[in-house]
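The structure appears right after this line, and notes come after that.
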Amino acid sequence: MSRQQRLELLRLCLLQRLFEERVLALYRQGRIVGSVYTGRGQEAVAAAAGLALGPDDVVCPLNRELACHFARGVTVAEAFRNFLGRADGPTRGRDGNMHFGVPAKGVFPLVSMLGDLVPVTVGAAFACKRRGERRVALTFIGEGAFSVGDTHEGLNLAGVWHVPAVFVLQSNRYSYSTPVERQMVNTNLAERIEGGWSIPAERVDGTDALATFAAVRAAVERARSGYGPQAVEALTLRIHGHAAHDDARYVPAELREAYADRDPVARLEERLRLDGVAADELAAVREQAREEVERGLREAEASPTPDPSELEDGVWAAPLAPPDAAR
Amino acid sequence: MSRQQRLELLRLCLLQRLFEERVLALYRQGRIVGSVYTGRGQEAVAAAAGLALGPDDVVCPLNRELACHFARGVTVAEAFRNFLGRADGPTRGRDGNMHFGVPAKGVFPLVSMLGDLVPVTVGAAFACKRRGERRVALTFIGEGAFSVGDTHEGLNLAGVWHVPAVFVLQSNRYSYSTPVERQMVNTNLAERIEGGWSIPAERVDGTDALATFAAVRAAVERARSGYGPQAVEALTLRIHGHAAHDDARYVPAELREAYADRDPVARLEERLRLDGVAADELAAVREQAREEVERGLREAEASPTPDPSELEDGVWAAPLAPPDAAR
Amino acid sequence: MPAYATATVEITYLEAVTQALRDALREDERVFLLGEDIGVFGGAFGATKGLLEEFGPERVLDTPISEEGFVGAAIGAAWMGERPVVELQFADFATCALDQLLTVAAKTHWRSGLALPLVVRAPSGGGIRGGPFHAASPEGLFVGQPGLKVVCPATVEDAYGLTRAAIEDPDPVLVFEHKALYRRVRAAAPPVSLRTPLGRARVAREGTEATVVTYGACVWTALEAVELLGADVEVLDLRTVWPFDGEAVLRSLGKTSRVLVLQEASRSTGVAGLVLSLVARLGFELLDAPPALHAPPDTPVPFAPELEDAYLPSSESTAEELERLLAY
Amino acid sequence: MPAYATATVEITYLEAVTQALRDALREDERVFLLGEDIGVFGGAFGATKGLLEEFGPERVLDTPISEEGFVGAAIGAAWMGERPVVELQFADFATCALDQLLTVAAKTHWRSGLALPLVVRAPSGGGIRGGPFHAASPEGLFVGQPGLKVVCPATVEDAYGLTRAAIEDPDPVLVFEHKALYRRVRAAAPPVSLRTPLGRARVAREGTEATVVTYGACVWTALEAVELLGADVEVLDLRTVWPFDGEAVLRSLGKTSRVLVLQEASRSTGVAGLVLSLVARLGFELLDAPPALHAPPDTPVPFAPELEDAYLPSSESTAEELERLLAY
Ligand SMILES: Cc1ncc(C[n+]2csc(CCOP(=O)(O)OP(=O)(O)O)c2C)c(N)n1
Ligand SMILES: Cc1ncc(C[n+]2csc(CCOP(=O)(O)OP(=O)(O)O)c2C)c(N)n1
Ligand SMILES: [Mg+2]
Ligand SMILES: [Mg+2]
């Protein structure tokens, strides 16, 4: 992994970290409404997976993978516009927070119902395979979402069709307030995916950005080269609440402490320092990220709010005369 | 397994075999309408599982487990009444073929949607556990139904809740016209259930009635004794079509031949002969079964057909004034 | 948003739900609760707060994420004579449990006489900036389905009384609670004995000039609209939306000869179609004006405040519809 | 059961479906089929017979049993610009794929402008002794849902024309084929160029005394009923049941002043509620008599011939309803 790639990885992690910190501040000020989901402690997984993909690959990120959007070319302003519900945002204010995607950039719009995007990813990968394109489709699966039937149906189809799909398991130990031990008996998802669906799966420390990148990149290249579906299980801790309203007091102190020194962003900065990147260069990356976030926020705040008269546009791609003229 | 038990096992296998042969004859004569599903080649699994249960245990049989109904005390006449759509049958003519159950005898009414009954079975087992009753709930899962999300959600709940549920996997190599190899990559369901959901699972030859009984009985007793959910995978071949309309020409000749000498009923008779049961005693069991089937059919044919004026009875257990007086 | 009362002995709609669950758990050993994050966390909206502590993990179960799975499990427990009460974290996720509800819960009694006493509670509705996946009113998916019952409490009394009645009912009952009412509506704590009969509408306001047939949060919208308008309009709270109280609708129509159906579900879903079908077929001669419908457009629920506020029926927009109806 | 024609160059409704799939596969590389047992076996009803042989396993896929899974996969393929056509083995199993359809297929274009050209074909309806799980008419679960389109072909022409139009449409379209029509209805093979416009009803029979609004197999029931009665009744075949052709309904009502809605779906499901709601609200002044509904009772579809025959609307029972309507 080149020096430049590693700096890009850091930049992406910082963008998510600083963006989310900004969003939480806005939320507390009441300037962002609804729910706010963030991925603190999982930025490295999101960034690594996004960076591991090729330009023509496609991805279905979830709630905690903002850096993956950025890696695909989604801008800070686009993301803020979705949180702020602006007319020129990815969902035109129709949806909020992380519930968006930018199809033009190969990013499928997140739906809330967990599990749904696993079969969707498999179908996208099938299309690429069918057309002989060397493209890969990637999605994320939280350990909680691993309990959903759609997840299993999708993994099974991926294996049977032998498609170039990559599954990144986000094992962050919690599903809202539910610890992984109450979610399942065997918590080793990599082992289960390999044993159950014959999908090669590697387990990595998701707070180690470089290791995670190496694992996902290898999985992506195996998928691209015709070796069928691949999986990577990234181990992290959701060190904050499920969403902004949740203080996660149900997470035992010992567990928090165990992860206290495993902040993926700090670890990556430290690692780059060890690898000889000068402190001021690192500071510059951080500063540039902060500026990019602030600039994006200003742009988004300058964006217009949506016009209710357009609410019914685009329900259908090819609208039919509505049955009910009396609107 | 006592001599008497082994004869009972034979009787149950024969009842299913002869009942189904009779049903197919009636179907060809147009005296039974709709679809007809039979379990030829799997009678031993159905009979063994039914016989392995205790008097207070409950079960959710599927399409190919008629002998399991009989083992629970469902009568031949009751079953025929369902196939014939009679007013005094288990579904009062509202449903047909194997789509029935007899709740009073601990048998849940089969629904067609595959996978649905796995969570239902887990919930029944949970209720028994919660009340401290030493009862077990058992259901069957075809290898095709193993692809359904509900199956996985149910297996996961069984493990997490550690309930006294027993899952009998009917690995008969086909799902309608679809061979197991196109249904999944890793076809070893016992291994997958044990590895994936930490549910102890044993693989048996489902055409060997005594071995299957021993395996299911042991699983039932482990579940009853508080060791949590258990599984048995019974290997068979669906040697006939999916239903009466299907000649199963898609099953390769070699495969048929491989099972030609593995008729579970013939094997059980042969085994009992080897164990010293006199030929005429075996013949008597068969003859009694034939008579029981014929008697049951006569009873069922004497039953009244349903009265359309009662069609709307029992939609709800506690009916409410229908919104729509104009019926 | 007016507060509907302020005395101190009062409880909120949400507290009424919690109290109904607590009283049912106390009175009937067969009752237990299951759903995502309802134990340690007390539920996404706090409806089960304190119940794990009082009743323990065998009666208040945190489930894995598997709506089909735990609704199916509740059906299995009901088969064994238990009285399971499921919480869906959001009503929107009803689509994820729909097969178990329509295939097994709804059809089993008719097919085999086996009653399945099962309750599924679901926080529904908009007004909290939930967007397309956290603000839906999906009751229409279940309205009209043989074997199911669907209730939508609008008041503190019915939040308690319908929940208790649903738990005691032998059929599968879906309870769509309204998120926007959870903390907004308050009233005196109902007596432990209160039961709201299923299938019976309630006249929320007597009137003679027209009838608003509605349910859920829209009951309050209708009452506000009538105040705004200062007209003598009757407000009928269906309470049970399936099978709904057609007699009450026709009785009120007989009095007023004009009807407006008001719902929060998008206009081609919900219960409006069946109510208007009934009115047209059986109330035709009672009508002095075409029956009217006021409901959101046929789109998902939008997130942005500007959009959601325009999308949801307001007391003002409802008053306008009523004015038009009365002017006919 | 009268045969509707007998010449030899004719094809059945089922053959029209197969031909539509074959022609779409031939003309458009992006089209592929997936579903249970559609390859080697040619589908439970034979709708895809011969297509595996002609187009190979990459374009005619036998899937594992996972309705949510393969409908979701079809959505993913549509995202990538393919034109997947899913077969559900029975329409009843729509409940098993409903979440993918309502959550992902229906809402994605409105949320993000991404079109998902996806077709889901499903053999629906009764008359073949299928019972509660193999004879349902579940279109009502999708009728009214923003972002979906739902069609129910009644004729050979529309079995071909609606299927072709659905595959070429940029939106998710559900095609509910009627099992009882598969081999019963025959007509001249439609030209390869035939497309039935989505959203447009068809006057199946001109008339002046009353209008029967119907779709699917009931179109034939209505035509037979009108013959029996010998009255001058118009029969309107909706063809697309969502979003349906409200204008055509009102146009016909303007001519006849009397309307009967006839459907095979149980009376509180299907499309009847929305049609009658429309008629009551927008056609009120056109009506000389209360609009009527003829549909099965609110129960699942029964198995026994005595029950199913009583359950399903017949030409006789429909004629009686019409007589009552005309006598008003
Ligand atoms: C089918 C479904 N059920 C419930 C929810 C509500 N919900 C949203 S996120 C969440 C927890 C998800 O846990 P996990 O998959 O581990 O992802 P994480 O939040 O840890 O990133 C739940 C229960 C949902 N979105 N979808
Ligand atoms: C959810 C669902 N999809 C499709 C069907 C139609 N169907 C009925 S049986 C069957 C094959 C089942 O195969 P398997 O589970 O192996 O059981 P077997 O028939 O071999 O006993 C199919 C596809 C169904 N009943 N349920
Ligand atoms: Mg998690
Ligand atoms: Mg099988």
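Numbering starts fresh at 1 for the residues of each chain in the structure tokens, the chains themselves are lettered A, B, ... in the order given, and ligands are numbered from 1 as they appear.
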
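Residue list for chain A within 6 Å of chain B: Gly149, Asp150, Glu153, Val160, Met184, Val185, Arg192 and Gly196 of chain A, counting only C-alpha atoms.
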
- Message: So that I can see what lies close to A:Ala47, please list as a PyMOL selection string the residues with an atom at most 10 Å from it, counting only C-alpha atoms and leaving out residues fewer than 5 positions away in the same chain.
- Response: chain A and resi 8-16+42+52+65-72+209+212-213

Selection above as a file: N, CA and C atoms, as a short mmCIF file (atom, residue, chain, number, x, y, z; two decimals), in the first residue's frame:
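Output file selection.cif follows:
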data_model
loop_
_atom_site.label_atom_id
_atom_site.label_comp_id
_atom_site.auth_asym_id
_atom_site.auth_seq_id
_atom_site.Cartn_x
_atom_site.Cartn_y
_atom_site.Cartn_z
N GLU A 8 -4.37 8.77 2.05
CA GLU A 8 -5.76 8.88 1.60
C GLU A 8 -6.67 8.15 2.58
N LEU A 9 -6.19 7.01 3.06
CA LEU A 9 -6.95 6.25 4.05
C LEU A 9 -7.17 7.11 5.30
N LEU A 10 -6.12 7.76 5.73
CA LEU A 10 -6.24 8.64 6.91
C LEU A 10 -7.22 9.78 6.63
N ARG A 11 -7.10 10.34 5.45
CA ARG A 11 -7.97 11.47 5.11
C ARG A 11 -9.45 11.04 5.18
N LEU A 12 -9.72 9.86 4.64
CA LEU A 12 -11.11 9.37 4.64
C LEU A 12 -11.60 9.13 6.07
N CYS A 13 -10.73 8.53 6.89
CA CYS A 13 -11.12 8.28 8.29
C CYS A 13 -11.41 9.61 8.99
N LEU A 14 -10.54 10.56 8.76
CA LEU A 14 -10.70 11.86 9.41
C LEU A 14 -11.97 12.57 8.93
N LEU A 15 -12.23 12.44 7.62
CA LEU A 15 -13.45 13.08 7.09
C LEU A 15 -14.68 12.54 7.81
N GLN A 16 -14.76 11.22 7.95
CA GLN A 16 -15.92 10.65 8.65
C GLN A 16 -15.95 11.11 10.10
N GLN A 42 -15.39 2.90 13.89
CA GLN A 42 -15.45 2.00 12.72
C GLN A 42 -15.04 2.72 11.43
N ALA A 52 -10.69 0.12 -1.14
CA ALA A 52 -10.28 -1.16 -1.73
C ALA A 52 -11.00 -1.43 -3.04
N GLU A 65 -20.89 3.81 7.67
CA GLU A 65 -19.84 3.75 6.65
C GLU A 65 -19.76 5.01 5.79
N LEU A 66 -19.83 6.16 6.44
CA LEU A 66 -19.77 7.42 5.71
C LEU A 66 -18.49 7.54 4.90
N ALA A 67 -17.36 7.10 5.46
CA ALA A 67 -16.07 7.21 4.75
C ALA A 67 -16.10 6.42 3.45
N CYS A 68 -16.91 5.38 3.41
CA CYS A 68 -17.03 4.59 2.18
C CYS A 68 -17.70 5.43 1.09
N HIS A 69 -18.70 6.22 1.48
CA HIS A 69 -19.31 7.16 0.52
C HIS A 69 -18.24 8.11 -0.01
N PHE A 70 -17.48 8.70 0.91
CA PHE A 70 -16.46 9.67 0.49
C PHE A 70 -15.45 9.01 -0.44
N ALA A 71 -15.08 7.77 -0.15
CA ALA A 71 -14.12 7.07 -1.00
C ALA A 71 -14.66 6.89 -2.41
N ARG A 72 -15.96 6.81 -2.52
CA ARG A 72 -16.57 6.64 -3.85
C ARG A 72 -16.81 7.96 -4.55
N ALA A 209 -6.46 0.10 10.43
CA ALA A 209 -6.87 0.50 9.08
C ALA A 209 -6.08 -0.22 8.00
N THR A 212 -7.05 -3.88 7.76
CA THR A 212 -8.39 -4.02 7.20
C THR A 212 -8.37 -3.76 5.69
N PHE A 213 -7.61 -2.75 5.31
CA PHE A 213 -7.50 -2.47 3.87
C PHE A 213 -6.91 -3.67 3.14
#

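Residues in contact with stretch 74-91 of chain B at up to 6 Å, not including ones fewer than 6 positions away on its chain and judged by only C-alpha atoms, are B:Ile32, B:Asn97, B:Gly296, B:Leu297, B:Ala300, B:Pro304, B:Thr305, B:Pro306, C:Arg111, C:Ser112, D:Ala304.
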
Just-selected residues, C-alpha atoms written as a tab-separated table (two decimals), in the first residue's frame:
chain	number	residue	atom	x	y	z
B	32	ILE	CA	-59.17	-36.41	-5.28
B	97	ASN	CA	-54.03	-32.78	0.85
B	296	GLY	CA	-60.46	-45.24	7.01
B	297	LEU	CA	-61.21	-44.47	3.39
B	300	ALA	CA	-64.06	-40.71	5.09
B	304	PRO	CA	-70.52	-35.22	4.53
B	305	THR	CA	-69.20	-32.61	2.13
B	306	PRO	CA	-68.93	-29.09	3.56
C	111	ARG	CA	-58.27	-23.59	8.70
C	112	SER	CA	-58.19	-25.65	11.86
D	304	ALA	CA	-63.32	-28.23	-1.35

- Task: Give me, please, the distance in Å between atom CA of C:Pro197 and atom CA of C:Phe142, quoted to one decimal.
- Result: 19.3 Å

If the limit is 12 Å from any atom of ligand 3, counting only C-alpha atoms and all ligand atoms, which residues qualify? Return them as a PDB file with C-alpha atoms, in the first residue's frame.
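result37.pdb written:
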ATOM      1  CA  GLY A  39     -19.690   5.178  13.018  1.00  0.00           C
ATOM      2  CA  GLY A  41     -14.631   3.590  16.088  1.00  0.00           C
ATOM      3  CA  GLN A  42     -15.452   2.005  12.717  1.00  0.00           C
ATOM      4  CA  LEU A  62     -25.023   1.105   5.782  1.00  0.00           C
ATOM      5  CA  ASN A  63     -25.299   3.628   8.617  1.00  0.00           C
ATOM      6  CA  ARG A  64     -21.751   3.568   9.881  1.00  0.00           C
ATOM      7  CA  LEU A 114     -31.584  -4.692   7.726  1.00  0.00           C
ATOM      8  CA  PHE A 140     -21.585  -4.413   4.862  1.00  0.00           C
ATOM      9  CA  ILE A 141     -23.399  -6.630   7.351  1.00  0.00           C
ATOM     10  CA  GLY A 142     -23.623  -5.786  11.039  1.00  0.00           C
ATOM     11  CA  GLU A 143     -23.446  -8.713  13.420  1.00  0.00           C
ATOM     12  CA  GLY A 144     -27.032  -7.898  14.383  1.00  0.00           C
ATOM     13  CA  ALA A 145     -28.166  -7.922  10.764  1.00  0.00           C
ATOM     14  CA  PHE A 146     -26.569 -11.355  10.489  1.00  0.00           C
ATOM     15  CA  SER A 147     -29.682 -12.659  12.282  1.00  0.00           C
ATOM     16  CA  LEU A 169     -18.984  -8.003   8.410  1.00  0.00           C
ATOM     17  CA  GLN A 170     -19.159  -5.170  10.907  1.00  0.00           C
ATOM     18  CA  SER A 171     -18.756  -7.079  14.161  1.00  0.00           C
ATOM     19  CA  ASN A 172     -18.953  -4.172  16.586  1.00  0.00           C
ATOM     20  CA  ARG A 173     -20.380  -6.278  19.442  1.00  0.00           C
ATOM     21  CA  TYR A 174     -23.692  -4.435  19.699  1.00  0.00           C
ATOM     22  CA  SER A 175     -26.974  -4.255  17.898  1.00  0.00           C
ATOM     23  CA  TYR A 176     -28.597  -1.183  19.429  1.00  0.00           C
ATOM     24  CA  SER A 177     -28.605  -2.287  23.115  1.00  0.00           C
ATOM     25  CA  THR A 178     -28.251  -5.991  22.351  1.00  0.00           C
ATOM     26  CA  PRO A 179     -24.810  -7.544  22.876  1.00  0.00           C
ATOM     27  CA  VAL A 180     -23.604 -10.043  20.307  1.00  0.00           C
ATOM     28  CA  GLU A 181     -23.861 -12.819  22.908  1.00  0.00           C
ATOM     29  CA  ARG A 182     -27.626 -12.354  22.998  1.00  0.00           C
ATOM     30  CA  GLN A 183     -27.777 -12.069  19.208  1.00  0.00           C
ATOM     31  CA  MET A 184     -26.233 -15.459  18.428  1.00  0.00           C
ATOM     32  CA  THR A 187     -20.084 -15.223  17.369  1.00  0.00           C
ATOM     33  CA  GLU A 233     -15.079  -9.805   9.316  1.00  0.00           C
ATOM     34  CA  ALA A 234     -13.866  -6.600  10.941  1.00  0.00           C
ATOM     35  CA  LEU A 235     -13.808  -6.650  14.749  1.00  0.00           C
ATOM     36  CA  THR A 236     -14.569  -3.341  16.425  1.00  0.00           C
ATOM     37  CA  LEU A 237     -16.616  -1.888  19.246  1.00  0.00           C
ATOM     38  CA  ARG A 238     -19.468   0.532  18.702  1.00  0.00           C
ATOM     39  CA  ILE A 239     -17.940   2.888  21.269  1.00  0.00           C
ATOM     40  CA  HIS A 240     -20.854   5.350  21.155  1.00  0.00           C
ATOM     41  CA  GLY A 241     -24.601   4.830  21.273  1.00  0.00           C
ATOM     42  CA  HIS A 242     -26.749   3.279  18.565  1.00  0.00           C
TER      43      HIS A 242
ATOM     44  CA  PRO C  64     -32.143 -10.983  17.803  1.00  0.00           C
ATOM     45  CA  ILE C  65     -33.039  -8.967  14.703  1.00  0.00           C
TER      46      ILE C  65
END

- Message: Taking only C-alpha atoms into account and nothing else, which residues of chain D lie no more than 10 Å away from chain C? Please answer as a ChimeraX atom specification.
- Response: /D:68,92-103,106-107,110-111,132-133,140-147,242-243,266-285,287,289-293,297-300,302

- Task: Write out as a ChimeraX atom specification all residues of stretch 186-268 of chain C that backbone DSSP assigns to strand (DSSP E).
- Result: /C:186-188,202-205,210-214,233-237,240-242,259-262
